[in-house]
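One structure below.
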Amino acid sequence: MSVPNTIHPLLQTRYSPLVFQDKPILKDILKRLFEAAQWAPSSYNEQPWRFVVGVKGEGNGWQKIFDCLVEGNQTWANSAPVLVLTVAKKSFAYNKADNPHAWHDVGLAMSQLIFQATSEQIFVHQMAGFDAQKARESLLIPDECEPVAVAALGYEGNITDITDPKLVERANAPRQRQSLSEIVFEDHFGNGLF
Ligand SMILES: Cc1cc2nc3c(=O)[nH]c(=O)nc-3n(C[C@H](O)[C@H](O)[C@H](O)COP(=O)(O)O)c2cc1C
C-alpha cells in the first residue's frame, strides 16, 4: 500500500527507518524537536510528557537507554545518534487524581516532535520493545511517572548499509495500513464512512 499523495508532504515522507547515518544531530536542532513536542495540546494542559535524551558519545545516557532495548531493536537502533525515553506523568498536578489521558498526550507530543523532525530531514523510529523496569532504575524515573516508549532519532541511512538479511527484508517490505472503512465510522461503530 502506498502513502496517498493527498496528505501533507511531511506525513508522506515519514517512516520508521532501520538504519541511520553516522551523523550527529546538532544541539540547536535537537532543541527545536523538543520545542515542537512542548507545544502539543494536552488534557487540562497538564503537559504530562517527559523525555530522557541520550546522545551517542556524550556521557552515559545513550548507552543506558540502549541497554534497555530488546535484542531485536538493538540490532538496528545501534546506528541511531540519539535515543529518547518517553515518560508519562501519571497524575494531575492540581488534584493528584489519575490522568487517564497521560499516555495519549505523550503520543501527541511525540507526533509533533516527529513532524518537526521530518521537516529537518530527521527520522524517528519508536519502540515498545524495551525493559521499562530497567529504564526506571537506570534512568532514575520517579514513581509518579511511567516509561512509555523509546525513540531512535537520526538522519536517514542507506538500506545497502544494512548487513542483517532479516533487517534488509523488513526494510524492503511494502508498508501496510488498514483501510479507512475499517477505522472510520459514521452513525455507529463498524459502519464505514469512506
Ligand atoms: C508505540 C510504538 C511502538 C513501536 N515499537 C516498535 C519496536 O519495538 N520495534 C520496532 O522495530 N518498531 C516498533 N515500532 C514501529 C512500528 O512498527 C511502525 O511504526 C509501523 O510498522 C509502521 O511503519 P512506519 O512507521 O514506517 O509507517 C513502534 C511504533 C510505535 C508507535
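As shown in the C-alpha cells, the chain order sets the letters A, B, ...; within each chain, residues go from 1, and ligands are also counted from 1 in the order they appear.
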Run DSSP on the backbone and give me the residues of chain A it puts in alpha helix (DSSP H), as a PyMOL selection string.
chain A and resi 9-13+27-38+61-68+71-77+102-119+132-138+165-172+180-183
List the neighbours of Gln176 in chain A out to 12 Å using only C-alpha atoms; skip same-chain residues closer than 4 positions along the sequence, and give me the result as a list of chain:residue names.
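Counting only the stated atoms, we get A:Met1, A:Ser2, A:Val3, A:Tyr15.
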Quick one: write out the picked residues with all heavy atoms as an mmCIF file, in the first residue's frame?
data_model
loop_
_atom_site.group_PDB
_atom_site.id
_atom_site.type_symbol
_atom_site.label_atom_id
_atom_site.label_comp_id
_atom_site.auth_asym_id
_atom_site.auth_seq_id
_atom_site.Cartn_x
_atom_site.Cartn_y
_atom_site.Cartn_z
ATOM 1 N N MET A 1 0.861 -1.195 0.000
ATOM 2 C CA MET A 1 0.000 0.000 0.000
ATOM 3 C C MET A 1 0.894 1.243 0.000
ATOM 4 O O MET A 1 1.856 1.304 0.767
ATOM 5 C CB MET A 1 -0.869 -0.014 1.263
ATOM 6 C CG MET A 1 -1.980 0.988 1.303
ATOM 7 S SD MET A 1 -3.031 0.648 2.737
ATOM 8 C CE MET A 1 -4.319 1.825 2.477
ATOM 9 N N SER A 2 0.589 2.207 -0.862
ATOM 10 C CA SER A 2 1.445 3.394 -0.875
ATOM 11 C C SER A 2 0.746 4.572 -0.182
ATOM 12 O O SER A 2 -0.488 4.630 -0.125
ATOM 13 C CB SER A 2 1.836 3.764 -2.306
ATOM 14 O OG SER A 2 0.677 3.869 -3.087
ATOM 15 N N VAL A 3 1.565 5.484 0.334
ATOM 16 C CA VAL A 3 1.033 6.645 1.051
ATOM 17 C C VAL A 3 0.311 7.550 0.045
ATOM 18 O O VAL A 3 0.889 7.869 -1.005
ATOM 19 C CB VAL A 3 2.180 7.432 1.713
ATOM 20 C CG1 VAL A 3 1.633 8.573 2.567
ATOM 21 C CG2 VAL A 3 3.060 6.518 2.544
ATOM 22 N N TYR A 15 8.688 7.810 7.845
ATOM 23 C CA TYR A 15 8.593 6.365 8.051
ATOM 24 C C TYR A 15 9.582 6.023 9.155
ATOM 25 O O TYR A 15 10.342 6.884 9.606
ATOM 26 C CB TYR A 15 8.891 5.593 6.742
ATOM 27 C CG TYR A 15 10.350 5.533 6.389
ATOM 28 C CD1 TYR A 15 11.097 4.379 6.616
ATOM 29 C CD2 TYR A 15 11.006 6.642 5.853
ATOM 30 C CE1 TYR A 15 12.452 4.330 6.311
ATOM 31 C CE2 TYR A 15 12.354 6.594 5.550
ATOM 32 C CZ TYR A 15 13.071 5.436 5.784
ATOM 33 O OH TYR A 15 14.412 5.397 5.494
#
Go through range 18-168 of chain A and collect every residue that DSSP, computed from the backbone, puts in strand (DSSP E); the answer should be as an MDAnalysis selection string.
chainID A and resid 49:55 82:89 122:127 145:155
Could I get the residues of chain A with an atom no further than 6 Å from an atom of ligand 1, each paired with its nearest atom pair and that distance in Å to one decimal, using only C-alpha atoms and all ligand atoms, sorted by chain and residue number, as a Markdown table?
| residue | atom | partner | partner_atom_place_in_ligand_line | distance |
| --- | --- | --- | --- | --- |
| A:Tyr15 | CA | ligand 1 | 26 (O) | 3.6 |
| A:Ser16 | CA | ligand 1 | 26 (O) | 3.8 |
| A:Asn73 | CA | ligand 1 | 9 (N) | 5.6 |
| A:His125 | CA | ligand 1 | 15 (C) | 5.9 |
| A:Gln126 | CA | ligand 1 | 29 (C) | 4.6 |
| A:Met127 | CA | ligand 1 | 5 (N) | 3.2 |
| A:Ala128 | CA | ligand 1 | 5 (N) | 3.9 |
| A:Gly129 | CA | ligand 1 | 8 (O) | 3.6 |
Write the residues you've just listed into a file as an mmCIF file, in the first residue's frame, and include N, CA, C and O atoms for each of them.
data_model
loop_
_atom_site.group_PDB
_atom_site.id
_atom_site.type_symbol
_atom_site.label_atom_id
_atom_site.label_comp_id
_atom_site.auth_asym_id
_atom_site.auth_seq_id
_atom_site.Cartn_x
_atom_site.Cartn_y
_atom_site.Cartn_z
ATOM 1 N N TYR A 15 8.688 7.810 7.845
ATOM 2 C CA TYR A 15 8.593 6.365 8.051
ATOM 3 C C TYR A 15 9.582 6.023 9.155
ATOM 4 O O TYR A 15 10.342 6.884 9.606
ATOM 5 N N SER A 16 9.540 4.791 9.613
ATOM 6 C CA SER A 16 10.429 4.366 10.703
ATOM 7 C C SER A 16 11.629 3.625 10.112
ATOM 8 O O SER A 16 11.509 2.453 9.729
ATOM 9 N N ASN A 73 15.603 -4.935 18.763
ATOM 10 C CA ASN A 73 15.702 -3.493 18.485
ATOM 11 C C ASN A 73 17.152 -3.007 18.525
ATOM 12 O O ASN A 73 17.518 -2.079 17.796
ATOM 13 N N HIS A 125 12.232 6.396 14.831
ATOM 14 C CA HIS A 125 11.665 5.041 14.921
ATOM 15 C C HIS A 125 11.388 4.750 16.397
ATOM 16 O O HIS A 125 12.309 4.656 17.201
ATOM 17 N N GLN A 126 10.116 4.625 16.713
ATOM 18 C CA GLN A 126 9.720 4.397 18.105
ATOM 19 C C GLN A 126 9.724 2.905 18.432
ATOM 20 O O GLN A 126 9.533 2.075 17.563
ATOM 21 N N MET A 127 9.887 2.614 19.730
ATOM 22 C CA MET A 127 9.970 1.213 20.157
ATOM 23 C C MET A 127 9.230 0.965 21.468
ATOM 24 O O MET A 127 9.437 1.682 22.449
ATOM 25 N N ALA A 128 8.378 -0.081 21.434
ATOM 26 C CA ALA A 128 7.783 -0.578 22.674
ATOM 27 C C ALA A 128 8.673 -1.668 23.261
ATOM 28 O O ALA A 128 8.539 -2.018 24.442
ATOM 29 N N GLY A 129 9.553 -2.201 22.436
ATOM 30 C CA GLY A 129 10.409 -3.306 22.853
ATOM 31 C C GLY A 129 11.589 -2.842 23.673
ATOM 32 O O GLY A 129 12.707 -2.687 23.177
#
Got a sec: who's within 8 Å of range 97-110 of chain A, counting only C-alpha atoms, leaving out chain neighbours fewer than 2 positions off, as number ranges by chain?
A: 36-43, 47-50, 86-92, 95, 112-114, 148
Could you turn the residues from that selection into a file that holds C-alpha atoms, as a short mmCIF file (atom, residue, chain, number, x, y, z; two decimals), in the first residue's frame?
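Here's the written file part-v4.cif:
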data_model
loop_
_atom_site.label_atom_id
_atom_site.label_comp_id
_atom_site.auth_asym_id
_atom_site.auth_seq_id
_atom_site.Cartn_x
_atom_site.Cartn_y
_atom_site.Cartn_z
CA ALA A 36 7.67 21.12 18.88
CA ALA A 37 6.73 18.47 21.47
CA GLN A 38 6.41 21.14 24.17
CA TRP A 39 3.65 22.88 22.18
CA ALA A 40 1.40 19.85 21.83
CA PRO A 41 -2.12 20.04 23.29
CA SER A 42 -2.85 18.05 26.45
CA SER A 43 -5.73 17.25 28.77
CA GLN A 47 1.74 18.51 29.71
CA PRO A 48 2.43 15.07 31.19
CA TRP A 49 5.25 14.28 28.74
CA ARG A 50 8.83 13.89 29.94
CA THR A 86 9.44 8.97 26.62
CA VAL A 87 7.79 9.10 30.02
CA ALA A 88 4.24 9.84 31.18
CA LYS A 89 3.49 11.65 34.43
CA LYS A 90 0.53 9.63 35.69
CA SER A 91 -1.43 12.12 37.83
CA PHE A 92 -2.66 15.71 37.57
CA ASN A 95 -5.58 17.48 42.41
CA GLN A 112 4.58 16.86 16.93
CA LEU A 113 8.24 16.04 17.53
CA ILE A 114 8.20 13.64 14.58
CA VAL A 148 6.17 4.78 27.67
#
Quick one: distance from CA of Val70 in chain A to CA of Val53 in chain A in Å, one decimal?
18.1 Å
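Here CA of Lys31 in chain A and CA of Lys134 in chain A stand 26.4 Å from one another.
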For a quick check of understanding, using only C-alpha atoms, which of A:Ala149, A:Ile183, A:Ala117, A:Leu139 has the smallest distance to Leu10 in chain A?
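Between A:Ala149, A:Ile183, A:Ala117, A:Leu139, the residue approaching Leu10 in chain A most closely is A:Ala117.
Compared by their closest atoms to Ser119 in chain A, and using only C-alpha atoms, the residues A:Glu71, A:Arg32, A:Ile7, A:Val19 rank with A:Arg32 nearest.
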If we count only C-alpha atoms and set the cut-off at 7 Å, which residues sit around Leu85 in chain A, ignoring sequence neighbours fewer than 6 positions away in its own chain? Please answer as a list in words.
Phe51, Val52, Val53, Pro147, Ala149, Val150 and Ala151 of chain A
Could you write those residues out with N, CA, C and O atoms, as a PDB file, in the first residue's frame?
ATOM      1  N   PHE A  51      10.943  13.565  28.779  1.00  0.00           N
ATOM      2  CA  PHE A  51      11.848  12.914  27.832  1.00  0.00           C
ATOM      3  C   PHE A  51      13.230  12.782  28.460  1.00  0.00           C
ATOM      4  O   PHE A  51      13.749  13.766  28.989  1.00  0.00           O
ATOM      5  N   VAL A  52      13.791  11.589  28.400  1.00  0.00           N
ATOM      6  CA  VAL A  52      15.187  11.419  28.812  1.00  0.00           C
ATOM      7  C   VAL A  52      15.980  11.142  27.540  1.00  0.00           C
ATOM      8  O   VAL A  52      15.707  10.174  26.821  1.00  0.00           O
ATOM      9  N   VAL A  53      16.925  12.036  27.255  1.00  0.00           N
ATOM     10  CA  VAL A  53      17.641  12.002  25.981  1.00  0.00           C
ATOM     11  C   VAL A  53      19.041  11.422  26.175  1.00  0.00           C
ATOM     12  O   VAL A  53      19.743  11.779  27.128  1.00  0.00           O
ATOM     13  N   PRO A 147       7.588   4.900  32.239  1.00  0.00           N
ATOM     14  CA  PRO A 147       8.205   4.847  30.907  1.00  0.00           C
ATOM     15  C   PRO A 147       7.179   4.415  29.864  1.00  0.00           C
ATOM     16  O   PRO A 147       6.392   3.498  30.115  1.00  0.00           O
ATOM     17  N   ALA A 149       7.854   4.649  25.922  1.00  0.00           N
ATOM     18  CA  ALA A 149       8.486   4.066  24.736  1.00  0.00           C
ATOM     19  C   ALA A 149       9.887   4.648  24.585  1.00  0.00           C
ATOM     20  O   ALA A 149      10.248   5.615  25.264  1.00  0.00           O
ATOM     21  N   VAL A 150      10.650   4.038  23.703  1.00  0.00           N
ATOM     22  CA  VAL A 150      11.956   4.595  23.345  1.00  0.00           C
ATOM     23  C   VAL A 150      11.881   5.006  21.878  1.00  0.00           C
ATOM     24  O   VAL A 150      11.220   4.336  21.072  1.00  0.00           O
ATOM     25  N   ALA A 151      12.503   6.123  21.533  1.00  0.00           N
ATOM     26  CA  ALA A 151      12.553   6.555  20.140  1.00  0.00           C
ATOM     27  C   ALA A 151      14.012   6.686  19.708  1.00  0.00           C
ATOM     28  O   ALA A 151      14.841   7.216  20.460  1.00  0.00           O
TER      29      ALA A 151
END
Determine, counting only C-alpha atoms, which protein, DNA and RNA residues have an atom within 10 Å of an atom of Ile162 in chain A; residues of the same chain fewer than 6 positions away are not included. Present the result as a list in words.
Leu18, Val19, Phe20, Thr75, Trp76, Val168, Glu169 and Ala171 of chain A
